[in-house]
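Structure file run35.cif (mmCIF, C-alpha atoms and all ligand atoms) follows.
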```cif
data_entry
loop_
_atom_site.label_atom_id
_atom_site.label_comp_id
_atom_site.auth_asym_id
_atom_site.auth_seq_id
_atom_site.Cartn_x
_atom_site.Cartn_y
_atom_site.Cartn_z
CA MET A 1 0.00 0.00 0.00
CA SER A 2 1.44 3.34 -0.91
CA THR A 3 2.16 5.78 1.88
CA ARG A 4 -0.36 8.54 2.46
CA VAL A 5 0.07 11.07 5.24
CA ARG A 6 -1.91 14.17 6.06
CA PHE A 7 -1.76 17.49 7.83
CA ALA A 8 -5.10 18.29 9.40
CA PRO A 9 -5.22 21.87 10.68
CA SER A 10 -8.28 23.40 12.27
CA PRO A 11 -8.81 26.81 10.62
CA THR A 12 -9.63 28.49 13.90
CA GLY A 13 -6.36 30.44 13.94
CA TYR A 14 -3.26 31.15 11.90
CA LEU A 15 -0.65 28.61 10.93
CA HIS A 16 1.46 28.49 14.05
CA VAL A 17 4.96 27.21 14.50
CA GLY A 18 3.88 23.87 15.97
CA GLY A 19 1.44 23.18 13.15
CA ALA A 20 3.99 24.12 10.53
CA ARG A 21 6.53 21.78 12.12
CA THR A 22 3.99 18.92 12.12
CA ALA A 23 3.15 19.66 8.49
CA LEU A 24 6.85 19.68 7.60
CA PHE A 25 7.51 16.31 9.27
CA ASN A 26 4.59 14.78 7.37
CA TRP A 27 5.75 16.37 4.13
CA LEU A 28 9.36 15.21 4.63
CA TYR A 29 8.19 11.69 5.33
CA ALA A 30 5.93 11.60 2.27
CA ARG A 31 8.69 12.90 0.02
CA HIS A 32 11.25 10.57 1.62
CA VAL A 33 9.24 7.44 0.83
CA GLY A 34 7.70 8.75 -2.39
CA GLY A 35 4.20 8.81 -0.90
CA LYS A 36 1.44 11.40 -0.85
CA PHE A 37 1.09 14.42 1.44
CA LEU A 38 -2.57 15.38 1.87
CA LEU A 39 -4.37 18.24 3.55
CA ARG A 40 -7.57 18.07 5.49
CA ILE A 41 -9.09 21.28 6.76
CA GLU A 42 -10.90 20.42 9.99
CA ASP A 43 -13.54 23.09 9.82
CA THR A 44 -16.31 21.36 11.76
CA ASP A 45 -16.28 24.09 14.39
CA LYS A 46 -18.32 26.48 12.27
CA GLN A 47 -18.25 29.20 14.87
CA ARG A 48 -14.49 29.51 15.03
CA SER A 49 -13.42 28.37 11.55
CA THR A 50 -12.98 31.01 8.86
CA ASP A 51 -12.04 30.98 5.17
CA GLU A 52 -9.47 33.64 5.99
CA HIS A 53 -7.70 31.28 8.38
CA THR A 54 -7.80 28.50 5.81
CA ARG A 55 -6.24 30.81 3.24
CA VAL A 56 -3.52 31.95 5.62
CA ILE A 57 -2.70 28.35 6.53
CA LEU A 58 -2.44 27.31 2.88
CA ASP A 59 -0.34 30.41 2.09
CA GLY A 60 1.96 29.60 5.00
CA LEU A 61 2.48 26.05 3.75
CA SER A 62 3.17 27.34 0.25
CA TRP A 63 5.63 29.91 1.60
CA LEU A 64 7.49 27.09 3.33
CA GLY A 65 7.52 25.16 0.05
CA LEU A 66 5.31 22.38 1.37
CA ASP A 67 3.26 21.39 -1.63
CA TRP A 68 0.38 18.99 -1.22
CA ASP A 69 -0.98 16.25 -3.42
CA GLU A 70 -4.69 16.04 -4.33
CA GLU A 71 -7.30 18.67 -3.51
CA PRO A 72 -7.59 19.54 0.21
CA VAL A 73 -10.44 17.74 1.93
CA PHE A 74 -12.83 19.93 3.93
CA GLN A 75 -14.11 18.02 6.92
CA GLY A 76 -17.22 20.17 7.21
CA ALA A 77 -18.36 18.98 3.79
CA ARG A 78 -18.30 15.36 4.94
CA VAL A 79 -20.82 15.54 7.76
CA GLN A 80 -23.32 13.35 5.90
CA ARG A 81 -20.70 10.67 5.61
CA HIS A 82 -19.94 10.96 9.34
CA GLN A 83 -23.65 10.58 10.09
CA GLU A 84 -23.94 7.57 7.81
CA VAL A 85 -21.06 5.77 9.56
CA ALA A 86 -22.40 6.66 13.02
CA ASP A 87 -25.80 5.27 12.06
CA LYS A 88 -24.09 2.09 10.89
CA LEU A 89 -22.35 1.66 14.24
CA LEU A 90 -25.68 2.31 15.94
CA ALA A 91 -27.44 -0.31 13.81
CA ALA A 92 -24.68 -2.83 14.55
CA GLY A 93 -25.06 -2.29 18.29
CA GLN A 94 -21.52 -0.84 18.55
CA ALA A 95 -23.05 2.44 19.62
CA TYR A 96 -26.25 3.44 21.35
CA LEU A 97 -28.66 6.35 21.51
CA GLU A 98 -28.62 8.55 24.56
CA ASP A 99 -30.56 11.79 24.80
CA GLY A 100 -30.63 11.98 21.02
CA ALA A 101 -26.84 11.64 20.73
CA ILE A 102 -25.03 8.55 19.46
CA ARG A 103 -22.55 7.19 21.97
CA PHE A 104 -19.83 4.70 21.07
CA ARG A 105 -19.64 1.56 23.18
CA LEU A 106 -16.01 1.16 24.17
CA PRO A 107 -15.10 -2.52 24.30
CA PRO A 108 -13.01 -3.72 27.26
CA GLY A 109 -9.46 -5.02 26.81
CA GLU A 110 -6.10 -3.71 25.85
CA ILE A 111 -5.66 -0.95 23.29
CA ALA A 112 -2.02 -0.74 22.30
CA TRP A 113 0.08 0.57 19.47
CA ASP A 114 3.72 0.83 18.60
CA ASP A 115 4.20 4.55 18.36
CA ALA A 116 6.65 5.61 15.66
CA VAL A 117 8.22 8.08 18.08
CA HIS A 118 7.55 6.76 21.59
CA GLY A 119 7.53 3.00 21.04
CA PRO A 120 4.87 0.78 22.65
CA ILE A 121 1.99 2.63 24.31
CA SER A 122 -0.95 0.86 25.87
CA PHE A 123 -4.28 1.74 27.45
CA GLN A 124 -7.08 -0.38 28.91
CA GLY A 125 -10.51 -0.12 27.31
CA GLU A 126 -12.03 -0.35 30.80
CA ASP A 127 -10.38 2.97 31.67
CA ILE A 128 -11.95 4.81 28.77
CA LYS A 129 -15.58 5.74 28.99
CA ASP A 130 -18.08 5.27 26.19
CA PHE A 131 -18.01 8.53 24.25
CA VAL A 132 -20.36 10.51 22.06
CA ILE A 133 -19.55 10.33 18.34
CA LEU A 134 -22.56 12.23 17.01
CA ARG A 135 -24.20 15.02 19.01
CA SER A 136 -27.97 15.27 19.24
CA ASP A 137 -27.84 17.90 16.48
CA ARG A 138 -26.13 15.20 14.35
CA THR A 139 -22.75 16.98 14.17
CA PRO A 140 -19.74 14.68 14.61
CA ILE A 141 -17.28 14.78 17.50
CA TYR A 142 -13.59 15.36 16.66
CA ASN A 143 -12.31 11.84 17.42
CA PHE A 144 -14.97 10.29 15.23
CA ALA A 145 -14.71 12.63 12.24
CA VAL A 146 -10.92 12.18 12.21
CA VAL A 147 -11.16 8.39 12.05
CA VAL A 148 -13.87 8.32 9.37
CA ASP A 149 -11.86 10.79 7.28
CA ASP A 150 -8.50 9.09 7.80
CA VAL A 151 -10.04 5.75 6.77
CA ASP A 152 -11.74 7.23 3.70
CA MET A 153 -8.56 9.09 2.72
CA ALA A 154 -6.60 5.82 3.10
CA ILE A 155 -4.12 7.46 5.45
CA THR A 156 -1.30 5.06 6.32
CA HIS A 157 0.64 7.16 8.86
CA VAL A 158 -0.77 9.61 11.38
CA LEU A 159 2.01 11.90 12.55
CA ARG A 160 0.75 14.60 14.90
CA GLY A 161 1.45 16.40 18.14
CA ASP A 162 1.96 14.69 21.47
CA ASP A 163 -1.15 16.43 22.75
CA HIS A 164 -3.18 13.86 20.79
CA ILE A 165 -1.80 10.76 22.53
CA SER A 166 -4.85 10.49 24.77
CA ASN A 167 -7.13 10.59 21.71
CA THR A 168 -5.39 7.71 20.00
CA PRO A 169 -6.85 4.82 22.07
CA LYS A 170 -10.36 6.11 21.37
CA GLN A 171 -9.55 6.36 17.70
CA ILE A 172 -8.04 2.87 17.62
CA ALA A 173 -11.23 1.50 19.20
CA LEU A 174 -13.18 3.16 16.38
CA TYR A 175 -10.89 1.69 13.70
CA ARG A 176 -11.55 -1.74 15.18
CA ALA A 177 -15.30 -1.19 15.27
CA LEU A 178 -15.21 -0.12 11.62
CA GLY A 179 -13.07 -3.10 10.69
CA ALA A 180 -10.45 -0.77 9.23
CA ALA A 181 -6.71 -1.37 9.20
CA LEU A 182 -4.78 0.75 11.70
CA PRO A 183 -2.39 3.39 10.40
CA VAL A 184 1.02 3.84 12.00
CA PHE A 185 0.70 6.45 14.74
CA GLY A 186 3.55 8.75 15.67
CA HIS A 187 3.34 11.58 18.18
CA VAL A 188 5.85 14.35 17.79
CA PRO A 189 7.09 16.37 20.77
CA MET A 190 5.57 19.67 21.76
CA ILE A 191 7.45 22.91 21.23
CA HIS A 192 8.45 24.87 24.30
CA GLY A 193 9.92 28.32 24.80
CA PRO A 194 13.41 28.76 26.31
CA ASP A 195 11.80 28.82 29.78
CA GLY A 196 10.54 25.25 29.31
CA LYS A 197 6.88 26.27 29.08
CA LYS A 198 4.64 25.48 26.14
CA LEU A 199 5.35 27.93 23.30
CA SER A 200 2.93 30.84 23.43
CA LYS A 201 2.63 34.50 22.48
CA ARG A 202 4.58 35.37 25.63
CA HIS A 203 7.67 33.95 23.92
CA GLY A 204 7.25 36.15 20.85
CA ALA A 205 5.75 35.51 17.45
CA THR A 206 4.05 32.13 17.07
CA ALA A 207 2.44 32.60 13.64
CA VAL A 208 4.49 31.57 10.63
CA GLY A 209 3.35 34.71 8.80
CA ASP A 210 5.03 36.87 11.45
CA TYR A 211 8.38 35.34 10.62
CA GLN A 212 7.80 35.98 6.95
CA HIS A 213 7.17 39.65 7.68
CA MET A 214 10.15 39.81 10.00
CA GLY A 215 12.38 38.91 7.08
CA ILE A 216 13.10 35.26 7.77
CA LEU A 217 13.76 33.31 4.58
CA PRO A 218 11.46 30.36 3.94
CA ALA A 219 14.40 27.99 3.49
CA ALA A 220 15.84 29.06 6.85
CA MET A 221 12.48 28.71 8.58
CA ARG A 222 12.04 25.27 7.09
CA ASN A 223 15.50 24.16 8.16
CA PHE A 224 14.91 25.55 11.65
CA LEU A 225 11.48 23.89 11.98
CA ALA A 226 12.90 20.56 10.82
CA LEU A 227 15.30 20.63 13.75
CA LEU A 228 12.53 21.30 16.27
CA GLY A 229 12.29 17.75 17.51
CA TRP A 230 14.19 15.99 14.75
CA SER A 231 17.87 15.41 14.23
CA PRO A 232 19.52 13.69 11.29
CA GLY A 233 22.30 12.53 13.65
CA GLY A 234 25.69 14.05 14.27
CA ASP A 235 25.66 17.80 14.60
CA ARG A 236 24.34 18.61 11.17
CA GLU A 237 22.30 21.77 11.14
CA ILE A 238 22.31 23.52 7.79
CA MET A 239 20.67 21.17 5.30
CA LYS A 240 19.38 21.66 1.81
CA LEU A 241 15.82 20.56 1.24
CA ASP A 242 16.73 17.46 -0.72
CA GLU A 243 19.19 16.45 2.00
CA MET A 244 16.46 16.75 4.62
CA VAL A 245 14.15 14.66 2.46
CA GLN A 246 16.84 12.05 2.07
CA LEU A 247 17.75 11.95 5.77
CA PHE A 248 14.30 12.21 7.34
CA ALA A 249 13.33 9.20 9.45
CA PHE A 250 11.05 8.60 12.44
CA GLU A 251 14.07 7.28 14.36
CA GLY A 252 15.53 10.77 14.48
CA ILE A 253 12.45 12.30 16.13
CA GLN A 254 13.07 13.01 19.79
CA LYS A 255 10.66 12.20 22.61
CA LYS A 256 11.27 15.21 24.80
CA PRO A 257 9.87 18.66 24.00
CA ALA A 258 11.76 20.79 21.51
CA ILE A 259 12.94 24.26 22.50
CA PHE A 260 12.17 27.19 20.23
CA ASP A 261 15.22 29.44 20.28
CA MET A 262 14.80 32.72 18.43
CA THR A 263 18.53 33.45 18.54
CA LYS A 264 19.17 30.21 16.72
CA LEU A 265 16.54 30.99 14.10
CA GLU A 266 18.18 34.36 13.45
CA TRP A 267 21.59 32.75 13.32
CA MET A 268 20.31 30.19 10.84
CA ASN A 269 18.64 32.89 8.79
CA GLY A 270 21.97 34.70 8.72
CA GLN A 271 23.58 31.58 7.29
CA TYR A 272 20.94 31.43 4.56
CA LEU A 273 21.33 35.13 3.84
CA SER A 274 25.07 34.63 3.41
CA MET A 275 24.53 31.71 1.05
CA ALA A 276 21.92 33.50 -1.07
CA THR A 277 22.99 35.70 -3.98
CA ALA A 278 22.10 39.39 -4.02
CA GLU A 279 19.93 38.65 -7.06
CA GLU A 280 17.96 36.04 -5.05
CA LEU A 281 17.46 38.41 -2.13
CA TYR A 282 16.48 41.37 -4.29
CA PRO A 283 12.76 40.51 -4.64
CA LEU A 284 12.49 40.16 -0.85
CA VAL A 285 14.49 43.23 0.05
CA SER A 286 13.12 45.71 -2.49
CA PRO A 287 9.54 45.82 -1.11
CA GLN A 288 11.02 46.41 2.34
CA LEU A 289 13.16 49.21 0.92
CA ALA A 290 10.07 50.75 -0.64
CA GLN A 291 8.39 50.58 2.73
CA LEU A 292 11.32 52.39 4.30
CA GLY A 293 10.93 55.04 1.62
CA LEU A 294 13.81 54.21 -0.67
CA ASN A 295 13.51 53.42 -4.34
CA GLY A 296 17.12 52.71 -5.19
CA ASN A 297 18.30 51.79 -8.63
CA LYS A 298 18.57 48.03 -8.99
CA ASP A 299 22.31 47.83 -9.62
CA ALA A 300 23.08 49.98 -6.61
CA VAL A 301 20.74 47.94 -4.45
CA LEU A 302 22.28 44.67 -5.62
CA LYS A 303 25.76 45.96 -4.84
CA ALA A 304 24.67 47.07 -1.39
CA ILE A 305 22.90 43.76 -0.66
CA ALA A 306 26.07 41.89 -1.59
CA GLY A 307 27.97 44.09 0.86
CA VAL A 308 25.70 43.60 3.87
CA LYS A 309 24.05 40.19 3.56
CA THR A 310 26.73 38.32 5.49
CA ARG A 311 26.27 40.69 8.42
CA SER A 312 22.48 40.51 8.62
CA ARG A 313 20.03 38.36 10.50
CA THR A 314 16.86 39.12 8.53
CA THR A 315 15.97 40.60 5.15
CA LEU A 316 14.64 43.60 7.08
CA ASP A 317 18.11 43.98 8.54
CA VAL A 318 19.50 43.81 4.99
CA ALA A 319 17.03 46.46 3.81
CA LYS A 320 17.90 48.85 6.63
CA GLN A 321 21.61 48.55 5.96
CA VAL A 322 21.10 48.94 2.22
CA ALA A 323 19.10 52.11 2.88
CA VAL A 324 21.94 53.53 4.99
CA ARG A 325 24.38 52.90 2.16
CA LEU A 326 22.22 54.36 -0.57
CA ASP A 327 20.83 57.43 1.14
CA ALA A 328 22.44 59.57 3.84
CA LYS A 329 19.08 60.37 5.39
CA PHE A 330 19.00 56.86 6.86
CA VAL A 331 22.26 57.31 8.75
CA ALA A 332 21.70 57.51 12.49
CA PHE A 333 24.57 57.45 14.95
CA ASP A 334 24.31 54.66 17.50
CA ASP A 335 25.67 54.89 21.04
CA LYS A 336 28.89 53.05 20.33
CA ALA A 337 29.65 55.34 17.41
CA LYS A 338 28.95 58.45 19.47
CA LYS A 339 31.21 57.16 22.22
CA GLU A 340 34.03 56.48 19.80
CA ILE A 341 33.84 59.97 18.34
CA ALA A 342 33.66 61.51 21.82
CA LYS A 343 36.90 59.76 22.80
CA ASP A 344 38.89 61.95 20.39
CA PRO A 345 36.77 64.37 18.34
CA ALA A 346 39.77 66.19 16.96
CA GLY A 347 41.44 62.95 15.88
CA TYR A 348 38.20 61.81 14.24
CA LYS A 349 37.97 65.00 12.25
CA ALA A 350 41.64 65.06 11.27
CA SER A 351 41.55 61.45 10.13
CA LEU A 352 38.46 62.07 7.98
CA GLU A 353 40.00 65.19 6.47
CA ALA A 354 43.14 63.32 5.50
CA SER A 355 41.09 60.49 4.03
CA VAL A 356 38.92 62.84 2.00
CA ALA A 357 42.03 64.43 0.53
CA VAL A 358 43.45 61.13 -0.76
CA LEU A 359 40.09 59.61 -1.70
CA ARG A 360 39.32 62.45 -4.09
CA LYS A 361 42.18 61.27 -6.28
CA THR A 362 41.49 57.54 -6.03
CA ASP A 363 40.07 55.16 -8.57
CA TRP A 364 36.80 53.96 -7.09
CA THR A 365 37.41 50.22 -7.03
CA PRO A 366 37.62 48.15 -3.84
CA GLU A 367 41.27 47.31 -4.59
CA ALA A 368 42.39 50.89 -5.22
CA LEU A 369 40.48 52.15 -2.19
CA GLU A 370 42.15 49.61 0.04
CA LYS A 371 45.59 50.50 -1.26
CA THR A 372 45.07 54.23 -0.92
CA LEU A 373 43.87 54.05 2.67
CA ARG A 374 46.60 51.66 3.76
CA ALA A 375 49.18 53.98 2.19
CA LEU A 376 47.69 56.86 4.15
CA ALA A 377 47.94 54.89 7.38
CA ASP A 378 51.59 54.06 6.61
CA GLU A 379 52.37 57.65 5.84
CA LYS A 380 50.84 58.76 9.15
CA ALA A 381 52.44 55.81 10.94
CA VAL A 382 49.12 54.79 12.50
CA ALA A 383 47.27 51.46 12.52
CA ALA A 384 44.95 51.07 9.51
CA GLY A 385 41.99 50.96 11.87
CA LYS A 386 42.64 54.59 12.82
CA ILE A 387 41.89 55.51 9.22
CA PHE A 388 39.15 52.97 8.53
CA GLN A 389 37.01 53.34 11.63
CA PRO A 390 36.20 57.07 11.33
CA ILE A 391 35.12 56.47 7.73
CA ARG A 392 32.92 53.56 8.79
CA ILE A 393 31.31 55.63 11.52
CA ALA A 394 30.77 58.67 9.31
CA LEU A 395 29.23 56.62 6.51
CA THR A 396 27.02 54.26 8.50
CA GLY A 397 26.55 55.79 11.95
CA GLY A 398 27.68 52.45 13.41
CA THR A 399 30.91 50.72 14.38
CA VAL A 400 30.57 47.48 12.41
CA SER A 401 30.19 46.97 8.69
CA GLU A 402 31.71 45.23 5.72
CA PRO A 403 35.39 46.15 5.08
CA VAL A 404 35.63 49.91 4.62
CA ASN A 405 36.96 49.75 1.07
CA GLU A 406 33.88 47.72 0.07
CA LEU A 407 31.65 50.10 1.97
CA LEU A 408 33.09 53.11 0.14
CA TYR A 409 32.67 51.29 -3.15
CA VAL A 410 29.00 50.53 -2.45
CA VAL A 411 28.18 54.07 -1.31
CA GLY A 412 29.82 55.45 -4.44
CA LYS A 413 32.45 58.13 -4.92
CA GLU A 414 30.34 61.25 -5.07
CA ALA A 415 28.00 60.30 -2.23
CA ALA A 416 30.81 59.00 -0.02
CA LEU A 417 32.92 62.12 -0.39
CA LYS A 418 29.91 64.29 0.29
CA ARG A 419 29.06 62.38 3.45
CA LEU A 420 32.64 62.39 4.70
CA GLN A 421 33.04 66.09 3.99
CA ALA A 422 29.78 66.80 5.81
CA ALA A 423 31.02 64.78 8.78
CA VAL A 424 34.19 66.89 8.89
CA THR A 425 32.20 70.12 8.73
CA GLU A 426 29.70 68.98 11.36
CA SER A 427 32.38 67.91 13.80
CA THR A 428 33.96 71.36 13.41
CA GLY A 429 30.71 73.10 14.36
N1 LIG A 501 -7.31 19.29 13.77
C1 LIG A 501 -6.46 18.60 14.70
C2 LIG A 501 -5.47 19.60 15.26
O1 LIG A 501 -5.30 20.67 14.69
C3 LIG A 501 -5.75 17.50 13.96
C4 LIG A 501 -5.33 16.36 14.80
C5 LIG A 501 -4.80 15.21 13.99
O2 LIG A 501 -3.83 15.41 13.27
O3 LIG A 501 -5.39 14.13 14.07
O4 LIG A 501 -4.89 19.39 16.31
#
```
Could I get this file's structure written as structure tokens?
Amino acid sequence: MSTRVRFAPSPTGYLHVGGARTALFNWLYARHVGGKFLLRIEDTDKQRSTDEHTRVILDGLSWLGLDWDEEPVFQGARVQRHQEVADKLLAAGQAYLEDGAIRFRLPPGEIAWDDAVHGPISFQGEDIKDFVILRSDRTPIYNFAVVVDDVDMAITHVLRGDDHISNTPKQIALYRALGAALPVFGHVPMIHGPDGKKLSKRHGATAVGDYQHMGILPAAMRNFLALLGWSPGGDREIMKLDEMVQLFAFEGIQKKPAIFDMTKLEWMNGQYLSMATAEELYPLVSPQLAQLGLNGNKDAVLKAIAGVKTRSRTTLDVAKQVAVRLDAKFVAFDDKAKKEIAKDPAGYKASLEASVAVLRKTDWTPEALEKTLRALADEKAVAAGKIFQPIRIALTGGTVSEPVNELLYVVGKEAALKRLQAAVTESTG
């Protein structure tokens, strides 16, 4: 039988980190074995489910590159089928009527499964009460709808959050009553914040869309999510998508909760930003630049992106730094820069003046700029940093950047000289 897995979100909220991670694990497994990854929108809670949430969830999956096979199934459209199966169980005496509702008769005896993540898990039927499967208004209960749908969709592996472990014995009892073959069940660990508590808004953004807007790259988010509760072994962290597909296995899923670490996500995003080309980042950065109020010419923007991408954590970070390089109005002096100037204002000014003098006569290539400034440092018998750092501060308002010769090159001759000259004049006043 070919492998069929599903992601079954309830569209009562946005696609959150935990859901996305569960979707990713299912997707990776399907792609690993060459099976199908299906979607089922569990919209039976008509009050809380919205089309908007469904759309955002599907968009989030698409953003992460998780494509699905076959048309999504909407659970709410299958209520008749749920009723039909409940009536069948009623007619067979496996369920009974009570106050107009249909209640499933839970048979005694052991209910056990070999969980793909946790290993053998077992419950006793005697400990589980008979439960309603169809309410008196003939709407299905979650545990029942899920089983009817999973059977009809021929799902072979149910991989979902740990919070569903207590539902599984009830669902297995229903599979048995329906005479359906059991899927493999696997329960993936919950995601906690750094304080060890279940991930929530208190820890920061929990919706996948927030990370998109923050300037996290989808490939970085995907890589990060994959490592929330799964490890390919060794200390591998940065993995291409096809490597993850190749390496993904249930054996690598951990039992204990995974910790969501924002610093690590930003670090990982930085790695992806470094690996991406300026051309690849351009479509992501340019709308953010527009939002900041800068419509730079494409070549200049590309050059600036290339200069700053290795020193950025998000595309928003990239955009802000690009803006600083392309337009002086975005330069704002940070505390460290102010402190450095304050240490020796006269030295700062003198160094800039000397630099401006030699830079006027320099070819504007990174190589020539480097040579000119080093020669100036030699001539003055000072460390190169004494020449470089004032330029960096005057051009960016900060104390860290790409190498100063590259920075000058990106800013451009005319603009750079103007900014440096202005810095000299200002520090005189
Ligand atoms: N709609 C359920 C949820 O979002 C799905 C549970 C399952 O995968 O069976 O938790």
Looking at only C-alpha atoms, which of A:Pro390, A:Gly229, A:Pro283, A:Gly293 is the one that sits closest to Arg21 of chain A?
A:Gly229
Close residues, segment 186-192 of chain A itself excluded, 7 Å, only C-alpha atoms, min 4 positions apart in chain, as a list in words
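So the residues in contact are Gly18, Asp115, Ala116, Val117, Val158, Leu159, Arg160, Gly161, Asp162, Ile165, Gly196, Lys197, Lys198, Leu199, Gly229, Gln254, Lys255, Lys256, Pro257, Ala258, Ile259 and Phe260 of chain A.
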Interface rows for chain A against ligand LIG 501 (chain A): nearest pair, Å to one decimal, 9 Å, all atoms listed in the file, as a tab-separated table:
```
residue	atom	partner	partner_atom	distance
A:Arg6	CA	A:LIG501	O2	7.6
A:Phe7	CA	A:LIG501	O2	6.2
A:Ala8	CA	A:LIG501	C3	4.7
A:Pro9	CA	A:LIG501	O1	4.2
A:Ser10	CA	A:LIG501	N1	4.5
A:Pro11	CA	A:LIG501	O1	8.2
A:Thr12	CA	A:LIG501	O1	9.0
A:Gly19	CA	A:LIG501	O1	7.4
A:Thr22	CA	A:LIG501	O2	8.6
A:Arg40	CA	A:LIG501	N1	8.4
A:Ile41	CA	A:LIG501	N1	7.5
A:Glu42	CA	A:LIG501	N1	5.3
A:Asp43	CA	A:LIG501	N1	8.3
A:Tyr142	CA	A:LIG501	N1	8.0
A:Asn143	CA	A:LIG501	O3	8.0
A:Val146	CA	A:LIG501	O3	6.2
A:Val147	CA	A:LIG501	O3	8.4
A:Asp150	CA	A:LIG501	O3	8.6
A:Val158	CA	A:LIG501	O2	6.8
A:Leu159	CA	A:LIG501	O2	6.9
A:Arg160	CA	A:LIG501	O2	4.9
A:Gly161	CA	A:LIG501	O4	7.2
A:Asp163	CA	A:LIG501	O4	8.0
A:His164	CA	A:LIG501	C4	6.8
A:Asn167	CA	A:LIG501	O3	8.6
A:Thr168	CA	A:LIG501	O3	8.7
```
Which polymer residues, protein or nucleic acid, are no farther than 9 Å from (31.6, 56.0, 1.2), counting all atoms listed in the file, as a count of residues only?
23
Excluding segment 136-138 of chain A and residues on its chain fewer than 5 positions from it, collect all residues at most 10 Å away from it, counting only C-alpha atoms, and give them as a list of chain:residue names.
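Contacts, in chain order: A:Val79, A:Gln80, A:His82, A:Gln83, A:Ala86, A:Leu97, A:Glu98, A:Asp99, A:Gly100, A:Ala101, A:Ile102.
Between atom CA of Pro183 of chain A and atom CA of Ser2 of chain A the separation is 11.9 Å.
You can rank A:Val5, A:Met153, A:Met268, A:Leu373 by their closest distance to Tyr29 of chain A using all atoms listed in the file, and at the top of that list sits A:Val5.
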Would you mind listing what lies within 9 Å of segment 298-309 of chain A as a PyMOL selection string, with all atoms listed in the file counted and same-chain residues fewer than 4 positions away left out?
chain A and resi 270+273-279+281-282+285-286+313-315+317-319+321-323+325-326+401-403+406-407+409-412
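Proximity of A:Pro140, A:Gly93, A:Pro169, A:Gly60 to Glu110 of chain A, computed with all atoms listed in the file, is greatest for A:Pro169.
For the atom pair formed by atom CA of Gln212 of chain A and atom CA of Met262 of chain A, the distance is 13.8 Å, given to one decimal.
Between atom CA of Glu52 of chain A and atom CA of Asp261 of chain A lies a distance of 28.8 Å.
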Nearest to Gly233 of chain A by atom-to-atom distance, counting only C-alpha atoms, from A:Pro107, A:Glu251, A:Ala23, A:Ala220
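Closest candidate: A:Glu251.
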Using only C-alpha atoms, the shortest atom-to-atom distance to Ile133 of chain A among A:Asp149, A:His118, A:Thr156, A:Val85 belongs to A:Val85
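Distance check against Ala423 of chain A using all atoms listed in the file: of A:Leu265, A:Ala181, A:Leu352, A:Val208, the minimum falls on A:Leu352.
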Please provide as a ChimeraX atom specification all residues within 7 Å of Val331 of chain A, with the sequence filter that same-chain residues fewer than 3 positions apart are discarded (counting all atoms listed in the file).
/A:324,328,396-397
Identify the residues around (40.9, 55.7, 10.1) within a radius of 9 Å, measuring from only C-alpha atoms in the coordinates stated by the file, and give them as a PyMOL selection string.
chain A and resi 348+351-352+355+373+377+382-392
